[in-house]
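One structure is given below, encoded as structure tokens.
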Amino acid sequence: MRIRNFYWLGPWSQDRDPNRPQFIDIPIFILVVALIWIVGSMGRDMSSSFTGVSPTIDLGIRHIPYYIARSTLRMFIAYGFSLLFTLVVGYIAAHSQRARTLILPALDILQSVPVLGFLSVTITGFMSLFPGSLLGVETASIFAIFTAQVWNMTFGFYHSLVTIPRDLTEAATAFDLTPWERFKTVELPSGAISLIWNSMMSFGGGWFFVVQSEAISVLNHKIALPGLGSYLSLALEKGDTHAAWLAVIAMIFVVILIDQIFWRPIVAWSQKYRVELVEATETQKSWALELGRRSWLLRRMFSFVTSTFANVSDFMMKNTMDRAQTRLNRNPRWQKLVDGISMVLIFAVLMSIGYESVRLVREIHTNMNLDEVRHIFKLALLTMGRVFVMVAVATLIWTPIGVWIGFRPTVAKFAQPLAQIAASFPVNMAFPFIVGFFIGHSISINYGSIFLLALGTQWYILFNVIAGASSVPSDLKESASVFGLHGWKYWRTLIIPAIFPYWVTGACTAAGGAWNASIVAEYVNWGNKTLIADGLGAFITQVTAKGDWPAIFCSILVMSVFVVILNRLLWRNLYDLAEKKFRLE
Amino acid sequence: MNPENITELENVSKTFWLADSQPIEVLSQINLGIKPGEFIALLGQSGSGKSTLLRILAGLIPPTSGVVYERAKKLSGINESLAIVFQSFALYPWLTVYENVRIGLNKRQLGPDEERQEINNALTLIGLSGHDNAYPKELSGGMRQRVGFARALVARPPILAMDEPFSALDVLTARNLRAEIIDLWVEKKNVFQSAFMVTHNISEAVSMASKIVILSSNPGRLAHVILNNLPYPRNEKSSAFLGMVDEIHDLITALNLPDVAARERFTRAAPTRVENLPRVEVSRMLGFLEAVAADGGRADIFALTQQMREEFGSVIAVAKALEILDLVVTPEHEVVITPLGRELIDAEPERRKEIFRRQIQRLALFRSLKDKLAESESVTEDDFKEEIHAQLPYENADKMIDTIVDWGRYAEIFDFDANLKVFTKQPDSPA
């Protein structure tokens, strides 16, 4: 029998009265107060003054909680902005034909751009925005996390808005809901599950960027933001293996903690937004949610926060969204005006993009000769080779394992959340240790970097293969057994076609992530040794450190072009094939 | 073990252990053999374990206890004597009709020419010629099931096993395909020696099978075996045919709704007996009652089933639920509304609830839940589930909880919080 009811908390939970404070409210109250205090004091520290000298990091073990808190706060701030962006931009893209034609291609390209390559560009920009304050660097780090999370979330939300079941939207029209009412009663709830799921995955991916963006050398400056990433990089620099391991352990702890007390409860709670009226057989459970639901204090706070939020947003949005809409509908002059403004805006955006690109191309043209550009292309091909080898090897290794897991529902139930947590761990924290191994066994980084790429991105292949295998209908498996399909024939007839659509999703995500990770994986430090592979990722890291702007722009441009072209030519076609031929309805 | 049998089940039982719930015994002590030349139809309500029985016979799942024999040998792995036609067709969407049928040839090692010959023969036999290169999703349900049949037939199985082969098809398509399969069977084109079909459709069983086996529910046991020697082609309007259908109806009704007198003795003499509540929603019970009342308060359950176009088993479940609440009685295969049932149907919504509440509060499970709620603020679902399991070890406690929640909510005798999984008192409950 599973322990589900927390009887072990003692006799007070036996006759719990939901309307009275419980024992559990005492620790929860302490936690809430502590949390508010931590966030407040961290916020103060974030805007401390910065005069060109990087803040010092202390390797003492008692400072680790502080660094954990700083890194985590960065994650949540970035996530907050991502969420806001997702809701606004996703909503606009779903509702305005004109905006959509601009937003969707932009998202597609932004998704393909190597975020890490931009870090140095954005840091200098944000530093000039907040002179004399550390807030500039802080913002740049948060921005890096934001850009890693947001595109995927926005796409997901847009997609769930345009695929809302017809009857739901028709009912909303029939009951004459205003746009705001429609958003809060139909659109947000129907998108909730996918939004939360995407949020959890993107948030997990964000840790990588926290670690990467905290300790950075830009334009020959070394800046370290207080956080776990900086702690680790200092520990490695000083050769303090003990402290380095502490940082890794602390990171594992944080990833698991946030998964358990933040995401799992939200995922379990969001199950009520499933669109089907049939109850799902596989329910998501969270011990933290069940515990929280028993707490009088949390329920009070939750209902206070949600009702306040609902009232405030009702008040604000009714006045903006609905009134704007009625004005638009009633008055053709307004309509024309909005049309005109948006045309001008789109024109302006396109013009400035055009101007900037001309300027960039000219700058690249004047500062770089053909040989250098050719060299960059050659490096891009090398990195592409690594990405493909990584995808191929990861597929060969993880497909049988994923299928084995997916065919066993009980194993899958345990393996899925474990793999999710594993995927959230920022593998760049482990790179230096592995590089130490490479050096010790004199393995060339040209090949070793393939392994580093795989560390972070292989999970997407595993997840999707598990999901694909567990969705193979049992009658297809049974007919394969009855008609005696075995071995390779069994794989060829049933398994490979059935998991193919899922594999495409996983492999495409893994490949996209690998391009980004190449910036980190092809250029790695171990103590005072640096290993540099021949590849575009290493090149970008090098020119960024030097501050060679034309080379930075050119190499990032080439990488983006490679990713976009591969998406269009390879992955898009594989998606279409999967959709047309291998879909199980 | 009988050496005549192609394959045989001996004392086979099957228990499932579902996560988070009590073990459920679906099949108990089944003895069944299939001889050459037999067409066996296995009849049972949904949930009676008939598909499980087929899967055990096919070697797809092992029995919990008992033995499966194939040609007098203990079966290990897949039963080579069977090819299955699936209810859901189970075709590979990425393979063409031709390639799907070729899967059936997998075990027979044939050369490419022979293979082509066999597949083309099967496609012609089953009326699929010309569709070789179509994909399943381009075909209608009836055509897809023909592919399912062709795939099973090319395997040349001694036994053609069918799992509700026509129930996913519309009525006309099903009738048409059924007639063709009967023709294949009668003309003995040497494509299969014996057949084993799982179905819940009584006239389907009577029109096709030479031996009809009726499975009882919870757990499934072999209740009756009826030999059917009506000559083919069988006329569904003939009195012999209708007589057999009626006989089977009575047998199934008697299995599920034991005679009033016998029941009365049971319940009145032992008031603490815990009733097994069938999973029936209140709205269905009221609708059924309305239908009986509209027929003058007395109706034939078989006729009602046809009128409602529903599965016999699910209609019987509704009648059973109403009988537990003393709203109807069921002499033989009739349903007769009781004075109380009549009063309920004629009453206003509030009064209806009152009657319903009074009736369910007489049931042991509701009484015990009420007692528990009188003792404490709330009762968790898990606690109550354990109690149900202690009282009714063979029943699915989860389904029972669903029923109790549905009935109790309608009667407004308690509240159930689906998030916390606890029963609480109704704030203004007349407790």
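Residues in the structure tokens are numbered from 1 in each chain, the chains being A, B, ... in the order shown, and ligands are numbered from 1 in the order shown.
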task = With a cut-off of 7 Å and counting only C-alpha atoms, select all residues of chain B in contact with chain A and give the selection as a list in words.
result =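 That gives the following set of residues: Leu60, Ile78, Ala83, Ala90, Leu91, Pro93, Trp94, Ile103, Gly104, Asn106, Lys107, Ser376 and Glu377 of chain B.
The neighbours of Ala106 of chain A here are the residues that come within 12 Å of it, using only C-alpha atoms and leaving out any residue fewer than 6 positions away in the same chain; they are Val89, Ala93, Ala99, Arg100, Ser112, Val113, Trp151, Thr154, Phe155, Val349, Leu350, Ile353 and Val564 of chain A.
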query = Quick one: residues within 9 Å of segment 546-555 of chain A, only C-alpha atoms counted, chain neighbours fewer than 3 positions away excluded, as a ChimeraX atom specification?
reply = /A:117-118,120-121,218-220,360-361,363-368,372-373,376-377,380,536-537,539-543,558-560
Write to file, as a PDB file, in the first residue's frame, the residues of the selection just made, with N, CA and C atoms.
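And here is the file that came out, out08.pdb:
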```pdb
ATOM      1  N   GLY A 117      26.264  32.260 -28.208  1.00  0.00           N
ATOM      2  CA  GLY A 117      27.112  33.118 -29.009  1.00  0.00           C
ATOM      3  C   GLY A 117      26.800  34.591 -28.788  1.00  0.00           C
ATOM      4  N   PHE A 118      25.561  34.842 -28.442  1.00  0.00           N
ATOM      5  CA  PHE A 118      25.128  36.221 -28.265  1.00  0.00           C
ATOM      6  C   PHE A 118      25.469  36.805 -26.912  1.00  0.00           C
ATOM      7  N   SER A 120      28.053  37.564 -25.206  1.00  0.00           N
ATOM      8  CA  SER A 120      28.975  38.691 -25.090  1.00  0.00           C
ATOM      9  C   SER A 120      28.359  39.958 -25.647  1.00  0.00           C
ATOM     10  N   VAL A 121      27.628  39.819 -26.760  1.00  0.00           N
ATOM     11  CA  VAL A 121      26.993  40.991 -27.363  1.00  0.00           C
ATOM     12  C   VAL A 121      26.025  41.613 -26.371  1.00  0.00           C
ATOM     13  N   VAL A 218      34.440  38.440 -21.078  1.00  0.00           N
ATOM     14  CA  VAL A 218      33.994  39.142 -22.261  1.00  0.00           C
ATOM     15  C   VAL A 218      34.916  40.331 -22.505  1.00  0.00           C
ATOM     16  N   LEU A 219      35.347  40.489 -23.725  1.00  0.00           N
ATOM     17  CA  LEU A 219      36.257  41.566 -24.109  1.00  0.00           C
ATOM     18  C   LEU A 219      37.425  41.665 -23.127  1.00  0.00           C
ATOM     19  N   ASN A 220      38.033  40.513 -22.870  1.00  0.00           N
ATOM     20  CA  ASN A 220      39.190  40.426 -21.980  1.00  0.00           C
ATOM     21  C   ASN A 220      38.903  40.789 -20.535  1.00  0.00           C
ATOM     22  N   LEU A 360      25.828  44.845 -41.234  1.00  0.00           N
ATOM     23  CA  LEU A 360      26.631  43.718 -40.771  1.00  0.00           C
ATOM     24  C   LEU A 360      27.430  43.108 -41.921  1.00  0.00           C
ATOM     25  N   VAL A 361      26.720  42.872 -43.009  1.00  0.00           N
ATOM     26  CA  VAL A 361      27.384  42.251 -44.153  1.00  0.00           C
ATOM     27  C   VAL A 361      28.537  43.136 -44.613  1.00  0.00           C
ATOM     28  N   GLU A 363      30.191  45.270 -42.816  1.00  0.00           N
ATOM     29  CA  GLU A 363      31.270  45.222 -41.824  1.00  0.00           C
ATOM     30  C   GLU A 363      32.078  43.931 -41.964  1.00  0.00           C
ATOM     31  N   ILE A 364      31.332  42.831 -42.128  1.00  0.00           N
ATOM     32  CA  ILE A 364      32.021  41.565 -42.325  1.00  0.00           C
ATOM     33  C   ILE A 364      32.862  41.626 -43.599  1.00  0.00           C
ATOM     34  N   HIS A 365      32.259  42.214 -44.623  1.00  0.00           N
ATOM     35  CA  HIS A 365      32.926  42.274 -45.919  1.00  0.00           C
ATOM     36  C   HIS A 365      34.226  43.070 -45.849  1.00  0.00           C
ATOM     37  N   THR A 366      34.169  44.211 -45.156  1.00  0.00           N
ATOM     38  CA  THR A 366      35.374  45.034 -45.132  1.00  0.00           C
ATOM     39  C   THR A 366      36.445  44.457 -44.228  1.00  0.00           C
ATOM     40  N   ASN A 367      36.018  43.713 -43.175  1.00  0.00           N
ATOM     41  CA  ASN A 367      37.005  43.269 -42.203  1.00  0.00           C
ATOM     42  C   ASN A 367      37.482  41.842 -42.388  1.00  0.00           C
ATOM     43  N   MET A 368      36.790  41.103 -43.219  1.00  0.00           N
ATOM     44  CA  MET A 368      37.197  39.710 -43.348  1.00  0.00           C
ATOM     45  C   MET A 368      37.400  39.369 -44.810  1.00  0.00           C
ATOM     46  N   GLU A 372      38.918  33.709 -44.742  1.00  0.00           N
ATOM     47  CA  GLU A 372      38.407  33.597 -43.367  1.00  0.00           C
ATOM     48  C   GLU A 372      36.977  33.067 -43.363  1.00  0.00           C
ATOM     49  N   VAL A 373      36.145  33.581 -44.292  1.00  0.00           N
ATOM     50  CA  VAL A 373      34.756  33.118 -44.375  1.00  0.00           C
ATOM     51  C   VAL A 373      34.725  31.643 -44.744  1.00  0.00           C
ATOM     52  N   ILE A 376      35.426  29.624 -41.798  1.00  0.00           N
ATOM     53  CA  ILE A 376      34.258  29.501 -40.911  1.00  0.00           C
ATOM     54  C   ILE A 376      33.310  28.429 -41.432  1.00  0.00           C
ATOM     55  N   PHE A 377      33.106  28.391 -42.754  1.00  0.00           N
ATOM     56  CA  PHE A 377      32.231  27.369 -43.331  1.00  0.00           C
ATOM     57  C   PHE A 377      32.778  25.977 -43.087  1.00  0.00           C
ATOM     58  N   ALA A 380      32.072  25.039 -39.672  1.00  0.00           N
ATOM     59  CA  ALA A 380      30.651  24.718 -39.502  1.00  0.00           C
ATOM     60  C   ALA A 380      30.376  23.292 -39.960  1.00  0.00           C
ATOM     61  N   LEU A 536      33.048  25.197 -35.283  1.00  0.00           N
ATOM     62  CA  LEU A 536      32.504  26.538 -35.244  1.00  0.00           C
ATOM     63  C   LEU A 536      32.242  26.983 -33.811  1.00  0.00           C
ATOM     64  N   GLY A 537      31.836  26.035 -32.945  1.00  0.00           N
ATOM     65  CA  GLY A 537      31.562  26.383 -31.560  1.00  0.00           C
ATOM     66  C   GLY A 537      32.796  26.960 -30.880  1.00  0.00           C
ATOM     67  N   PHE A 539      35.346  28.219 -32.309  1.00  0.00           N
ATOM     68  CA  PHE A 539      35.696  29.477 -32.979  1.00  0.00           C
ATOM     69  C   PHE A 539      34.908  30.625 -32.368  1.00  0.00           C
ATOM     70  N   ILE A 540      33.596  30.434 -32.183  1.00  0.00           N
ATOM     71  CA  ILE A 540      32.772  31.497 -31.615  1.00  0.00           C
ATOM     72  C   ILE A 540      33.262  31.859 -30.223  1.00  0.00           C
ATOM     73  N   THR A 541      33.582  30.857 -29.413  1.00  0.00           N
ATOM     74  CA  THR A 541      34.076  31.142 -28.074  1.00  0.00           C
ATOM     75  C   THR A 541      35.356  31.968 -28.130  1.00  0.00           C
ATOM     76  N   GLN A 542      36.245  31.591 -29.048  1.00  0.00           N
ATOM     77  CA  GLN A 542      37.528  32.301 -29.125  1.00  0.00           C
ATOM     78  C   GLN A 542      37.353  33.746 -29.562  1.00  0.00           C
ATOM     79  N   VAL A 543      36.581  33.961 -30.632  1.00  0.00           N
ATOM     80  CA  VAL A 543      36.460  35.345 -31.117  1.00  0.00           C
ATOM     81  C   VAL A 543      35.677  36.192 -30.125  1.00  0.00           C
ATOM     82  N   VAL A 558      26.676  32.303 -39.725  1.00  0.00           N
ATOM     83  CA  VAL A 558      26.856  31.029 -40.425  1.00  0.00           C
ATOM     84  C   VAL A 558      26.182  29.894 -39.658  1.00  0.00           C
ATOM     85  N   MET A 559      26.348  29.908 -38.333  1.00  0.00           N
ATOM     86  CA  MET A 559      25.736  28.841 -37.547  1.00  0.00           C
ATOM     87  C   MET A 559      24.216  28.891 -37.677  1.00  0.00           C
ATOM     88  N   SER A 560      23.648  30.088 -37.578  1.00  0.00           N
ATOM     89  CA  SER A 560      22.195  30.213 -37.692  1.00  0.00           C
ATOM     90  C   SER A 560      21.724  29.725 -39.050  1.00  0.00           C
TER      91      SER A 560
END
```
message = So that I can check the secondary structure, give me every residue of segment 11-115 of chain A assigned helix (DSSP H, G or I) by backbone DSSP, as an MDAnalysis selection string.
response = chainID A and resid 11:13 25:46 61:95 97:112 115
note = Separating atom CA of Glu138 of chain B from atom CA of Glu164 of chain B, to the nearest tenth of an Å, is a gap of 22.5 Å
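DSSP on the backbone gives strand (DSSP E or B) for these parts of segment 463-551 of chain A: Tyr523, Val524, Asn525, Trp526, Lys529, Thr530, Leu531 and Ile532 of chain A.
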So that I have them on file, write out the residues from the current selection with N, CA, C and O atoms, as a tab-separated table (two decimals), in the first residue's frame.
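Written output follows (selection14.tsv):
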```tsv
chain	number	residue	atom	x	y	z
A	523	TYR	N	35.26	23.92	-26.62
A	523	TYR	CA	36.28	24.77	-26.01
A	523	TYR	C	36.15	24.61	-24.51
A	523	TYR	O	35.25	25.18	-23.89
A	524	VAL	N	37.00	23.77	-23.91
A	524	VAL	CA	36.81	23.47	-22.49
A	524	VAL	C	38.09	23.64	-21.70
A	524	VAL	O	39.18	23.37	-22.19
A	525	ASN	N	37.90	24.08	-20.45
A	525	ASN	CA	39.03	24.26	-19.55
A	525	ASN	C	39.08	23.16	-18.52
A	525	ASN	O	38.06	22.67	-18.07
A	526	TRP	N	40.30	22.81	-18.15
A	526	TRP	CA	40.50	21.95	-16.98
A	526	TRP	C	41.70	22.52	-16.25
A	526	TRP	O	42.82	22.42	-16.73
A	529	LYS	N	44.62	24.14	-18.17
A	529	LYS	CA	44.71	23.60	-19.52
A	529	LYS	C	43.43	23.90	-20.28
A	529	LYS	O	42.34	23.85	-19.72
A	530	THR	N	43.58	24.21	-21.56
A	530	THR	CA	42.41	24.47	-22.38
A	530	THR	C	42.45	23.56	-23.59
A	530	THR	O	43.48	23.47	-24.26
A	531	LEU	N	41.34	22.87	-23.85
A	531	LEU	CA	41.25	22.02	-25.02
A	531	LEU	C	40.36	22.69	-26.06
A	531	LEU	O	39.26	23.13	-25.74
A	532	ILE	N	40.84	22.80	-27.27
A	532	ILE	CA	40.09	23.48	-28.32
A	532	ILE	C	39.94	22.53	-29.50
A	532	ILE	O	40.93	22.04	-30.06
```
ask   = What separation in Å, quoted to one decimal, exists between atom CA of Glu356 of chain A and atom CA of Ile556 of chain A?
value = 14.7 Å
task = State, in Å with one decimal place, the distance from atom CA of Leu418 of chain A to atom CA of Arg386 of chain A.
result =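 If I compute the distance from atom CA of Leu418 of chain A to atom CA of Arg386 of chain A, I get 27.3 Å.
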inquiry  = I'd like the neighbourhood of segment 343-348 of chain B as a PyMOL selection string, where a residue qualifies if any of its atoms comes within 12 Å (using only C-alpha atoms), though same-chain residues fewer than 6 positions away should be ignored.
reply    = chain B and resi 285-294+297+322+325-328+337+354-359
For Met400 of chain B, find every residue with an atom within 8 Å (counting only C-alpha atoms), except residues of its own chain fewer than 2 positions away, and show them as a short mmCIF file (atom, residue, chain, number, x, y, z; two decimals) with N, CA, C and O atoms, in the first residue's frame.
```cif
data_model
loop_
_atom_site.label_atom_id
_atom_site.label_comp_id
_atom_site.auth_asym_id
_atom_site.auth_seq_id
_atom_site.Cartn_x
_atom_site.Cartn_y
_atom_site.Cartn_z
N ASN B 276 -23.44 -6.12 -4.30
CA ASN B 276 -22.49 -5.75 -5.35
C ASN B 276 -23.19 -4.74 -6.24
O ASN B 276 -24.16 -5.05 -6.91
N LEU B 277 -22.73 -3.49 -6.20
CA LEU B 277 -23.41 -2.45 -6.97
C LEU B 277 -22.86 -2.42 -8.38
O LEU B 277 -21.66 -2.20 -8.58
N PRO B 278 -23.70 -2.64 -9.40
CA PRO B 278 -23.19 -2.55 -10.77
C PRO B 278 -22.86 -1.10 -11.12
O PRO B 278 -23.45 -0.17 -10.57
N ARG B 279 -21.91 -0.93 -12.02
CA ARG B 279 -21.48 0.42 -12.40
C ARG B 279 -22.51 1.03 -13.36
O ARG B 279 -22.39 0.88 -14.58
N GLU B 395 -14.75 -8.08 -6.22
CA GLU B 395 -15.22 -6.96 -7.04
C GLU B 395 -14.13 -5.94 -7.23
O GLU B 395 -13.19 -5.83 -6.44
N ASN B 396 -14.29 -5.14 -8.27
CA ASN B 396 -13.37 -4.05 -8.53
C ASN B 396 -13.79 -2.85 -7.68
O ASN B 396 -14.79 -2.19 -7.96
N ALA B 397 -13.02 -2.60 -6.63
CA ALA B 397 -13.41 -1.57 -5.67
C ALA B 397 -13.43 -0.18 -6.30
O ALA B 397 -14.23 0.67 -5.91
N ASP B 398 -12.58 0.05 -7.29
CA ASP B 398 -12.55 1.38 -7.93
C ASP B 398 -13.87 1.68 -8.60
O ASP B 398 -14.42 2.77 -8.48
N ASP B 402 -16.78 4.56 -7.82
CA ASP B 402 -17.38 5.45 -8.81
C ASP B 402 -18.90 5.44 -8.69
O ASP B 402 -19.55 6.48 -8.73
N THR B 403 -19.45 4.22 -8.57
CA THR B 403 -20.90 4.10 -8.46
C THR B 403 -21.40 4.78 -7.20
O THR B 403 -22.37 5.55 -7.22
N ILE B 404 -20.71 4.54 -6.09
CA ILE B 404 -21.16 5.11 -4.82
C ILE B 404 -21.12 6.63 -4.89
O ILE B 404 -22.04 7.31 -4.45
#
```
note = If you count only C-alpha atoms, the residue of A:Ala288, A:Leu577, A:Ala517, A:Ala392 closest to Pro501 of chain A turns out to be A:Leu577
query = Contacts of Phe16 of chain B at 8 Å or less, counting only C-alpha atoms, minus same-chain residues fewer than 3 places along, as a list in words?
reply = Pro23, Ile24, Glu25 and Val26 of chain B
request  = Within 12 Å of segment 302-311 of chain A, counting only C-alpha atoms, which residues show up once you throw out same-chain ones fewer than 2 positions away? Write them as a list of chain:residue names, please.
outcome  =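 So, after excluding close chain neighbours, the residues are A:Trp180, A:Glu181, A:Lys184, A:Thr185, A:Gly292, A:Arg293, A:Ser295, A:Trp296, A:Leu297, A:Leu298, A:Arg299, A:Arg300, A:Ser313, A:Asp314, A:Phe315, A:Met316, A:Met317, A:Lys318.
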